Amino acid sequence: MKIASWNVNSLNVRLPHLQQWLSQAAPDIVALQETKLEDERFPDDALAAAGWRSVFSGQKTYNGVAILSREAASDVQIGIPGFGDEQKRVIAATVGDLRIVNLYVVNGQDVGTEKYAYKLRWLDAVHDWLADELREHPNLVVLGDFNIAPDDRDVHDPEIWNDDHILTSTAERDALKRLYALGLHDGYRLHHDEGGVFSWWDYRQAGFRRDRGLRIDLTLVSDALRGACAGAGIDREPRTWERPSDHAPAWVELG
DNA sequence: ATGGTAGAGAGTCTA
């Protein structure tokens, strides 16, 4: 069972890349972020023709999340329960015996801004919700664009990406550690200790060519699934394609 | 990095 996450940065633009990658990587479940599509425009017919079921929650221009699966999803949850949020950043569903939570975590703009404060509030609400989800669904997978690089191995230059910078500030990393403390484990780190492997490279300054990236696309597996996590990786190849997303697909293998 | 590029969509906003 291969489960992947990919911030596609506009599904309208990236649908051909997604279709190409789905056919060559053959995942079973895929969490998408930044679809930037209202639900009426989601390409569920095109994906169904290739054998994919889709559940999605989107909006124009910004945000938007979806879960694709070979097997039908059930018990779909849109948004964080009890947390009023206009932004379409969260979708959860049950697929087989797995509960899948797909997150497009708030970026945060800059440390100290209102958007940064919103990011920390948002992560706090996610924490409390996931505590409930874990009680109800021990087989929990939480994945997506976390917009947090867990530690200095996950950034190309820790001098730049320090406590003053979004994606690496102590408060953000502490919020991620609080999720780990619920009994969630970074699937990639269960299998790889080395640094310098990234999932996002800025479009600017030739970030990808110079491999100036961050690992911010994560898959967390619950205690109950930890032993079943058989491998993890990041597919750099789609980032080399013409007109790519700025993110690469990240995946784990379960069972 | 008060910069840079990409996407959406029509002037900026977000990342």
# chains A, B, ... in the order shown; residues from 1 in each chain; ligands from 1
>>> interface_residues(of="chain B", to="chain A", cutoff="8 Å", atoms="only C-alpha atoms (C1' of nucleotides)", output="number ranges by chain")
B: 4-8, 14-15
>>> select_by_dssp(residues="segment 40-168 of chain A", states="strand (DSSP E or B)", output="PyMOL selection string")
chain A and resi 53-57+65-69+74-78+90-95+98-104+140-145+155
>>> residues_around(residues="Gly58 of chain A", least_positions_apart="3", cutoff="8 Å", atoms="only C-alpha atoms (C1' of nucleotides)", output="list of chain:residue names")
A:Thr35, A:Lys36, A:Leu37, A:Glu38, A:Asp39, A:Asn63, A:Gly64, A:Val65, A:Ala66, A:Lys88
>>> write_last_selection(atoms="N, CA, C and O atoms", output="PDB file, in the first residue's frame")
ATOM      1  N   THR A  35      -4.875  22.599  -5.019  1.00  0.00           N
ATOM      2  CA  THR A  35      -5.564  22.309  -6.282  1.00  0.00           C
ATOM      3  C   THR A  35      -6.070  23.595  -6.933  1.00  0.00           C
ATOM      4  O   THR A  35      -6.166  23.671  -8.162  1.00  0.00           O
ATOM      5  N   LYS A  36      -6.405  24.603  -6.130  1.00  0.00           N
ATOM      6  CA  LYS A  36      -6.853  25.914  -6.643  1.00  0.00           C
ATOM      7  C   LYS A  36      -8.045  25.805  -7.584  1.00  0.00           C
ATOM      8  O   LYS A  36      -8.148  26.571  -8.544  1.00  0.00           O
ATOM      9  N   LEU A  37      -8.942  24.856  -7.277  1.00  0.00           N
ATOM     10  CA  LEU A  37     -10.122  24.627  -8.119  1.00  0.00           C
ATOM     11  C   LEU A  37     -11.372  24.565  -7.262  1.00  0.00           C
ATOM     12  O   LEU A  37     -11.387  23.867  -6.239  1.00  0.00           O
ATOM     13  N   GLU A  38     -12.412  25.267  -7.696  1.00  0.00           N
ATOM     14  CA  GLU A  38     -13.712  25.065  -7.072  1.00  0.00           C
ATOM     15  C   GLU A  38     -14.188  23.643  -7.385  1.00  0.00           C
ATOM     16  O   GLU A  38     -13.816  23.069  -8.408  1.00  0.00           O
ATOM     17  N   ASP A  39     -15.051  23.113  -6.491  1.00  0.00           N
ATOM     18  CA  ASP A  39     -15.438  21.703  -6.611  1.00  0.00           C
ATOM     19  C   ASP A  39     -16.076  21.379  -7.960  1.00  0.00           C
ATOM     20  O   ASP A  39     -15.874  20.280  -8.497  1.00  0.00           O
ATOM     21  N   ASN A  63      -5.416  27.565  -2.129  1.00  0.00           N
ATOM     22  CA  ASN A  63      -5.701  26.376  -1.319  1.00  0.00           C
ATOM     23  C   ASN A  63      -6.346  25.258  -2.147  1.00  0.00           C
ATOM     24  O   ASN A  63      -6.123  25.174  -3.344  1.00  0.00           O
ATOM     25  N   GLY A  64      -7.162  24.437  -1.507  1.00  0.00           N
ATOM     26  CA  GLY A  64      -7.802  23.319  -2.192  1.00  0.00           C
ATOM     27  C   GLY A  64      -7.059  22.017  -1.933  1.00  0.00           C
ATOM     28  O   GLY A  64      -5.847  21.927  -2.138  1.00  0.00           O
ATOM     29  N   VAL A  65      -7.810  21.003  -1.460  1.00  0.00           N
ATOM     30  CA  VAL A  65      -7.223  19.698  -1.128  1.00  0.00           C
ATOM     31  C   VAL A  65      -8.093  18.583  -1.697  1.00  0.00           C
ATOM     32  O   VAL A  65      -9.283  18.786  -1.948  1.00  0.00           O
ATOM     33  N   ALA A  66      -7.480  17.416  -1.897  1.00  0.00           N
ATOM     34  CA  ALA A  66      -8.209  16.269  -2.428  1.00  0.00           C
ATOM     35  C   ALA A  66      -7.526  14.989  -1.976  1.00  0.00           C
ATOM     36  O   ALA A  66      -6.334  14.981  -1.658  1.00  0.00           O
ATOM     37  N   LYS A  88      -9.796  26.385   2.313  1.00  0.00           N
ATOM     38  CA  LYS A  88      -9.974  24.940   2.100  1.00  0.00           C
ATOM     39  C   LYS A  88      -8.615  24.250   2.179  1.00  0.00           C
ATOM     40  O   LYS A  88      -7.897  24.138   1.183  1.00  0.00           O
TER      41      LYS A  88
END
>>> select_by_dssp(residues="segment 72-190 of chain A", states="alpha helix (DSSP H)", output="number ranges by chain")
A: 114-136, 170-181
>>> closest_residue(among="A:Arg178, A:His192, A:Arg239, A:Arg70", to="Asp128 of chain A", atoms="only C-alpha atoms")
A:Arg178
>>> closest_residue(among="A:Arg226, A:Phe56, A:Gly79, A:Leu218", to="Glu40 of chain A", atoms="only C-alpha atoms")
A:Phe56
>>> atom_distance(atom1="atom CA of Asp223 of chain A", atom2="atom CA of His137 of chain A")
11.2 Å
>>> residues_around(residues="Pro138 of chain A", least_positions_apart="6", cutoff="10 Å", atoms="only C-alpha atoms (C1' of nucleotides)", output="VMD selection string")
chain A and resid 97 to 99 183 221 to 225
>>> write_last_selection(atoms="N, CA and C atoms", output="CSV table (one decimal), in the first residue's frame")
chain,number,residue,atom,x,y,z
A,97,ASP,N,-8.9,0.1,5.9
A,97,ASP,CA,-8.8,0.2,7.3
A,97,ASP,C,-7.9,1.4,7.8
A,98,LEU,N,-7.7,2.3,6.9
A,98,LEU,CA,-6.9,3.5,7.2
A,98,LEU,C,-7.7,4.8,7.3
A,99,ARG,N,-7.4,5.6,8.2
A,99,ARG,CA,-8.0,7.0,8.3
A,99,ARG,C,-6.9,7.9,7.7
A,183,GLY,N,1.7,10.5,19.3
A,183,GLY,CA,2.0,9.2,18.8
A,183,GLY,C,2.0,9.1,17.3
A,221,VAL,N,2.8,8.7,10.5
A,221,VAL,CA,2.0,7.4,10.7
A,221,VAL,C,1.9,7.2,12.2
A,222,SER,N,0.7,6.7,12.6
A,222,SER,CA,0.4,6.5,14.0
A,222,SER,C,1.2,5.3,14.6
A,223,ASP,N,1.2,5.2,15.9
A,223,ASP,CA,1.9,4.1,16.6
A,223,ASP,C,1.5,2.8,16.0
A,224,ALA,N,0.2,2.6,15.8
A,224,ALA,CA,-0.3,1.3,15.3
A,224,ALA,C,0.2,1.0,13.9
A,225,LEU,N,0.6,2.0,13.1
A,225,LEU,CA,1.1,1.7,11.8
A,225,LEU,C,2.6,1.7,11.6
>>> residues_around(residues="segment 248-252 of chain A", least_positions_apart="4", cutoff="9 Å", atoms="only C-alpha atoms (C1' of nucleotides)", output="PyMOL selection string")
chain A and resi 1-8+21+27+30+144+187-188+198-201+217-219+229-239+244
>>> residues_around(residues="segment 153-167 of chain A", least_positions_apart="4", cutoff="12 Å", atoms="only C-alpha atoms (C1' of nucleotides)", output="MDAnalysis selection string")
(chainID A and resid 105:113 115:117 119:120 145:149 171:176 188:189 192:202 207:208 210:218) or (chainID B and resid 1 15)
>>> write_last_selection(atoms="C-alpha atoms (C1' of nucleotides)", output="short mmCIF file (atom, residue, chain, number, x, y, z; two decimals), in the first residue's frame")
data_model
loop_
_atom_site.label_atom_id
_atom_site.label_comp_id
_atom_site.auth_asym_id
_atom_site.auth_seq_id
_atom_site.Cartn_x
_atom_site.Cartn_y
_atom_site.Cartn_z
CA VAL A 105 -0.78 23.76 6.51
CA VAL A 106 -0.85 27.57 6.55
CA ASN A 107 2.35 29.08 5.12
CA GLY A 108 2.65 31.91 7.65
CA GLN A 109 4.18 34.64 5.43
CA ASP A 110 6.72 35.93 7.98
CA VAL A 111 7.43 35.36 11.67
CA GLY A 112 5.42 37.83 13.72
CA THR A 113 2.73 38.56 11.14
CA LYS A 115 -0.72 35.04 9.07
CA TYR A 116 2.00 33.50 11.24
CA ALA A 117 -0.26 33.79 14.31
CA LYS A 119 -0.64 29.32 11.37
CA LEU A 120 0.10 28.61 15.03
CA ASP A 145 2.26 20.07 2.83
CA PHE A 146 3.19 20.87 6.43
CA ASN A 147 5.03 24.08 5.59
CA ILE A 148 7.46 23.13 8.38
CA ALA A 149 10.93 21.63 7.93
CA ALA A 171 7.38 27.77 17.47
CA GLU A 172 6.50 25.98 14.23
CA ARG A 173 8.87 23.10 14.93
CA ASP A 174 7.47 22.84 18.46
CA ALA A 175 3.95 22.62 17.01
CA LEU A 176 5.12 19.71 14.85
CA TYR A 188 10.54 9.34 6.06
CA ARG A 189 12.68 9.45 9.21
CA HIS A 192 16.38 7.65 6.41
CA ASP A 193 18.73 9.53 8.74
CA GLU A 194 20.63 11.60 6.22
CA GLY A 195 20.05 15.27 5.51
CA GLY A 196 19.88 17.06 2.19
CA VAL A 197 16.78 15.35 0.77
CA PHE A 198 14.09 17.85 -0.08
CA SER A 199 10.49 18.00 -1.33
CA TRP A 200 10.18 21.72 -2.21
CA TRP A 201 12.41 24.11 -4.07
CA ASP A 202 11.59 27.79 -4.61
CA GLY A 207 16.30 26.85 -6.42
CA PHE A 208 15.94 23.38 -7.90
CA ARG A 210 21.09 24.51 -7.14
CA ASP A 211 19.22 22.01 -4.92
CA ARG A 212 18.38 24.77 -2.45
CA GLY A 213 15.33 23.01 -1.03
CA LEU A 214 13.44 22.06 2.09
CA ARG A 215 11.67 18.89 3.17
CA ILE A 216 8.24 20.19 4.17
CA ASP A 217 5.95 17.54 2.64
CA LEU A 218 5.53 14.90 5.32
"C1'" DA B 1 16.72 39.47 0.21
"C1'" DA B 15 3.49 31.25 -1.71
#
